[in-house]
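This report concerns only the one structure given below.
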Amino acid sequence: MSTDSQLPRRRFYDVSSKEHVVISSEEASHTPIPVKGLTSEVSIYEPLLEKFHDLHQSVNHFYKTSVLEYQNLTHAAKNEIQNSKNYLNENFVVGNEYEMKEKLVPSVFYSLIGFYTGRIVTNPHNWNSVIFGTKSLLGKITTSLPSRLLFPIALGAYTFENQTPITYQRVGAVVKHDVLHKDTIEIIDIGKQEVEKTRKLFNDLSETIDLTLQKQIHRLRQYAVDTWPF
């Protein structure tokens, strides 16, 4: 009998199987035994990576959108500035170079003087004197609310018109066509027509009075010549 047959057979259990399997010592010597900790397994946390990916996409989209918006705003601002320059050049500068270069600044300065002069004249505190008080007719008219609102503007506009008449006309045309509403323009035109009618009426009345006075003076002279011969 051989020596191997006399040795007792040792029993081993396969840990990888749920059932206990008896293996011999020869099989056990060739079976690898798993050792915990010799290998490391890298686990990837997919939800966290998805969050970082979404955050990166959001930041990238925000950056690109901001750059495009900035470029659009810059381009629009340049276009507006150029359009404003062209508008001013077409409506005020062309054909009016002398007033715009030589007389505009002094005209604006004189207009401001006229405006503040009107403010001083219509100020009620400046009428507290013995001769011209606020209770007098002239003081009431001058310090009334319409006078305080309109007289300074009218005086400043009159000064600006006298200093730079062409620029004044162009400013009026621009305000009429590009600023005021159509209904407001119609009201202003009606007011101008009424003013012209009133002015014509006063002119006709003045001419009639002048002719009447001339005729009366001529009659008096003729009467004097006929009555008192010299």
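We label chains A, B, ... in the order they appear in the structure tokens, count residues from 1 in each chain, and number ligands from 1 in the order shown.
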- Query: Neighbours of Arg119 (chain A) within 9 Å (only C-alpha atoms; same-chain residues fewer than 5 positions away dropped), as number ranges by chain?
  - Reply: A: 114, 148-149, 151-152
Excluding same-chain residues fewer than 6 positions from region 101-108 of chain A, what lies within 7 Å of it counting only C-alpha atoms, as an MDAnalysis selection string?
chainID A and resid 160 163:164
Taking N, CA and C atoms for each residue, export the selection above as a CSV table (one decimal), in the first residue's frame.
```
chain,number,residue,atom,x,y,z
A,160,PHE,N,-33.2,133.6,-29.0
A,160,PHE,CA,-32.6,132.5,-29.9
A,160,PHE,C,-32.9,132.8,-31.3
A,163,GLN,N,-30.8,135.7,-32.8
A,163,GLN,CA,-29.4,135.4,-32.9
A,163,GLN,C,-29.2,134.3,-34.0
A,164,THR,N,-30.0,133.3,-34.1
A,164,THR,CA,-29.8,132.2,-35.0
A,164,THR,C,-31.1,131.9,-35.7
```
request  = Write down as a PyMOL selection string the residues of region 133-193 of chain A whose backbone DSSP state falls under alpha helix (DSSP H).
outcome  = chain A and resi 137-142+145-163+165-174+182-193
Would you export the selected residues with N, CA and C atoms as a compact mmCIF listing (two decimals), in the first residue's frame, please?
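That gives us again.txt:
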```
# COMPACT_ATOMS: atom_id res chain seq x y z
N LEU A 137 -52.23 146.39 -11.10
CA LEU A 137 -52.67 145.65 -12.29
C LEU A 137 -51.47 145.07 -13.04
N LEU A 138 -50.43 145.86 -13.21
CA LEU A 138 -49.24 145.38 -13.90
C LEU A 138 -48.57 144.24 -13.14
N GLY A 139 -48.54 144.37 -11.80
CA GLY A 139 -47.95 143.31 -10.99
C GLY A 139 -48.74 142.03 -11.04
N LYS A 140 -50.08 142.15 -11.03
CA LYS A 140 -50.92 140.94 -11.11
C LYS A 140 -50.75 140.23 -12.45
N ILE A 141 -50.68 141.03 -13.52
CA ILE A 141 -50.52 140.41 -14.85
C ILE A 141 -49.15 139.75 -14.98
N THR A 142 -48.12 140.45 -14.51
CA THR A 142 -46.76 139.95 -14.69
C THR A 142 -46.47 138.74 -13.82
N LEU A 145 -49.72 133.09 -13.01
CA LEU A 145 -49.15 131.79 -13.35
C LEU A 145 -48.86 131.64 -14.85
N PRO A 146 -49.77 132.04 -15.75
CA PRO A 146 -49.42 131.94 -17.18
C PRO A 146 -48.19 132.76 -17.55
N SER A 147 -48.07 133.96 -16.96
CA SER A 147 -46.89 134.78 -17.26
C SER A 147 -45.62 134.14 -16.73
N ARG A 148 -45.70 133.56 -15.55
CA ARG A 148 -44.51 132.92 -14.97
C ARG A 148 -44.09 131.69 -15.77
N LEU A 149 -45.04 131.04 -16.43
CA LEU A 149 -44.70 129.86 -17.23
C LEU A 149 -44.27 130.22 -18.65
N LEU A 150 -44.95 131.17 -19.27
CA LEU A 150 -44.75 131.43 -20.69
C LEU A 150 -43.74 132.54 -20.97
N PHE A 151 -43.71 133.57 -20.13
CA PHE A 151 -42.87 134.72 -20.44
C PHE A 151 -41.37 134.37 -20.49
N PRO A 152 -40.81 133.61 -19.54
CA PRO A 152 -39.38 133.25 -19.66
C PRO A 152 -39.08 132.44 -20.92
N ILE A 153 -39.97 131.49 -21.25
CA ILE A 153 -39.75 130.68 -22.46
C ILE A 153 -39.85 131.55 -23.71
N ALA A 154 -40.85 132.43 -23.73
CA ALA A 154 -41.01 133.30 -24.90
C ALA A 154 -39.82 134.24 -25.06
N LEU A 155 -39.31 134.77 -23.96
CA LEU A 155 -38.16 135.68 -24.05
C LEU A 155 -36.91 134.94 -24.50
N GLY A 156 -36.69 133.73 -23.98
CA GLY A 156 -35.55 132.94 -24.42
C GLY A 156 -35.65 132.53 -25.88
N ALA A 157 -36.86 132.13 -26.31
CA ALA A 157 -37.06 131.74 -27.71
C ALA A 157 -36.89 132.94 -28.64
N TYR A 158 -37.37 134.10 -28.21
CA TYR A 158 -37.23 135.31 -29.03
C TYR A 158 -35.75 135.68 -29.20
N THR A 159 -34.99 135.54 -28.13
CA THR A 159 -33.55 135.83 -28.22
C THR A 159 -32.85 134.84 -29.14
N PHE A 160 -33.19 133.56 -29.02
CA PHE A 160 -32.59 132.54 -29.87
C PHE A 160 -32.95 132.76 -31.34
N GLU A 161 -34.19 133.18 -31.60
CA GLU A 161 -34.61 133.44 -32.98
C GLU A 161 -33.85 134.61 -33.59
N ASN A 162 -33.62 135.65 -32.80
CA ASN A 162 -32.90 136.81 -33.33
C ASN A 162 -31.43 136.50 -33.59
N GLN A 163 -30.83 135.67 -32.76
CA GLN A 163 -29.41 135.37 -32.91
C GLN A 163 -29.15 134.35 -34.01
N PRO A 165 -31.56 132.69 -36.66
CA PRO A 165 -32.90 132.49 -37.23
C PRO A 165 -33.05 131.18 -38.00
N ILE A 166 -32.02 130.78 -38.76
CA ILE A 166 -32.14 129.54 -39.54
C ILE A 166 -32.22 128.33 -38.61
N THR A 167 -31.36 128.31 -37.60
CA THR A 167 -31.39 127.20 -36.64
C THR A 167 -32.71 127.17 -35.89
N TYR A 168 -33.25 128.34 -35.57
CA TYR A 168 -34.54 128.41 -34.88
C TYR A 168 -35.65 127.81 -35.74
N GLN A 169 -35.65 128.13 -37.02
CA GLN A 169 -36.66 127.57 -37.92
C GLN A 169 -36.53 126.05 -38.04
N ARG A 170 -35.30 125.57 -38.10
CA ARG A 170 -35.10 124.12 -38.23
C ARG A 170 -35.47 123.39 -36.94
N VAL A 171 -35.19 124.00 -35.81
CA VAL A 171 -35.61 123.40 -34.54
C VAL A 171 -37.13 123.31 -34.47
N GLY A 172 -37.79 124.38 -34.89
CA GLY A 172 -39.25 124.36 -34.90
C GLY A 172 -39.81 123.30 -35.83
N ALA A 173 -39.19 123.13 -37.00
CA ALA A 173 -39.66 122.11 -37.94
C ALA A 173 -39.45 120.71 -37.39
N VAL A 174 -38.31 120.47 -36.74
CA VAL A 174 -38.05 119.15 -36.15
C VAL A 174 -39.03 118.85 -35.03
N LYS A 182 -49.83 114.56 -33.74
CA LYS A 182 -50.57 115.15 -34.85
C LYS A 182 -51.68 116.07 -34.36
N ASP A 183 -52.39 115.65 -33.31
CA ASP A 183 -53.46 116.50 -32.77
C ASP A 183 -52.90 117.80 -32.20
N THR A 184 -51.75 117.71 -31.55
CA THR A 184 -51.12 118.92 -31.00
C THR A 184 -50.71 119.87 -32.12
N ILE A 185 -50.20 119.31 -33.21
CA ILE A 185 -49.82 120.14 -34.36
C ILE A 185 -51.03 120.85 -34.94
N GLU A 186 -52.15 120.14 -35.02
CA GLU A 186 -53.37 120.76 -35.54
C GLU A 186 -53.83 121.90 -34.63
N ILE A 187 -53.74 121.69 -33.31
CA ILE A 187 -54.13 122.75 -32.37
C ILE A 187 -53.22 123.96 -32.52
N ILE A 188 -51.91 123.70 -32.69
CA ILE A 188 -50.96 124.81 -32.86
C ILE A 188 -51.25 125.56 -34.16
N ASP A 189 -51.55 124.82 -35.23
CA ASP A 189 -51.86 125.48 -36.50
C ASP A 189 -53.13 126.33 -36.39
N ILE A 190 -54.12 125.79 -35.69
CA ILE A 190 -55.35 126.57 -35.48
C ILE A 190 -55.05 127.82 -34.67
N GLY A 191 -54.21 127.68 -33.63
CA GLY A 191 -53.84 128.84 -32.84
C GLY A 191 -53.09 129.88 -33.66
N LYS A 192 -52.19 129.41 -34.55
CA LYS A 192 -51.48 130.35 -35.41
C LYS A 192 -52.43 131.08 -36.35
N GLN A 193 -53.40 130.34 -36.88
CA GLN A 193 -54.37 130.98 -37.76
C GLN A 193 -55.18 132.04 -37.02
```
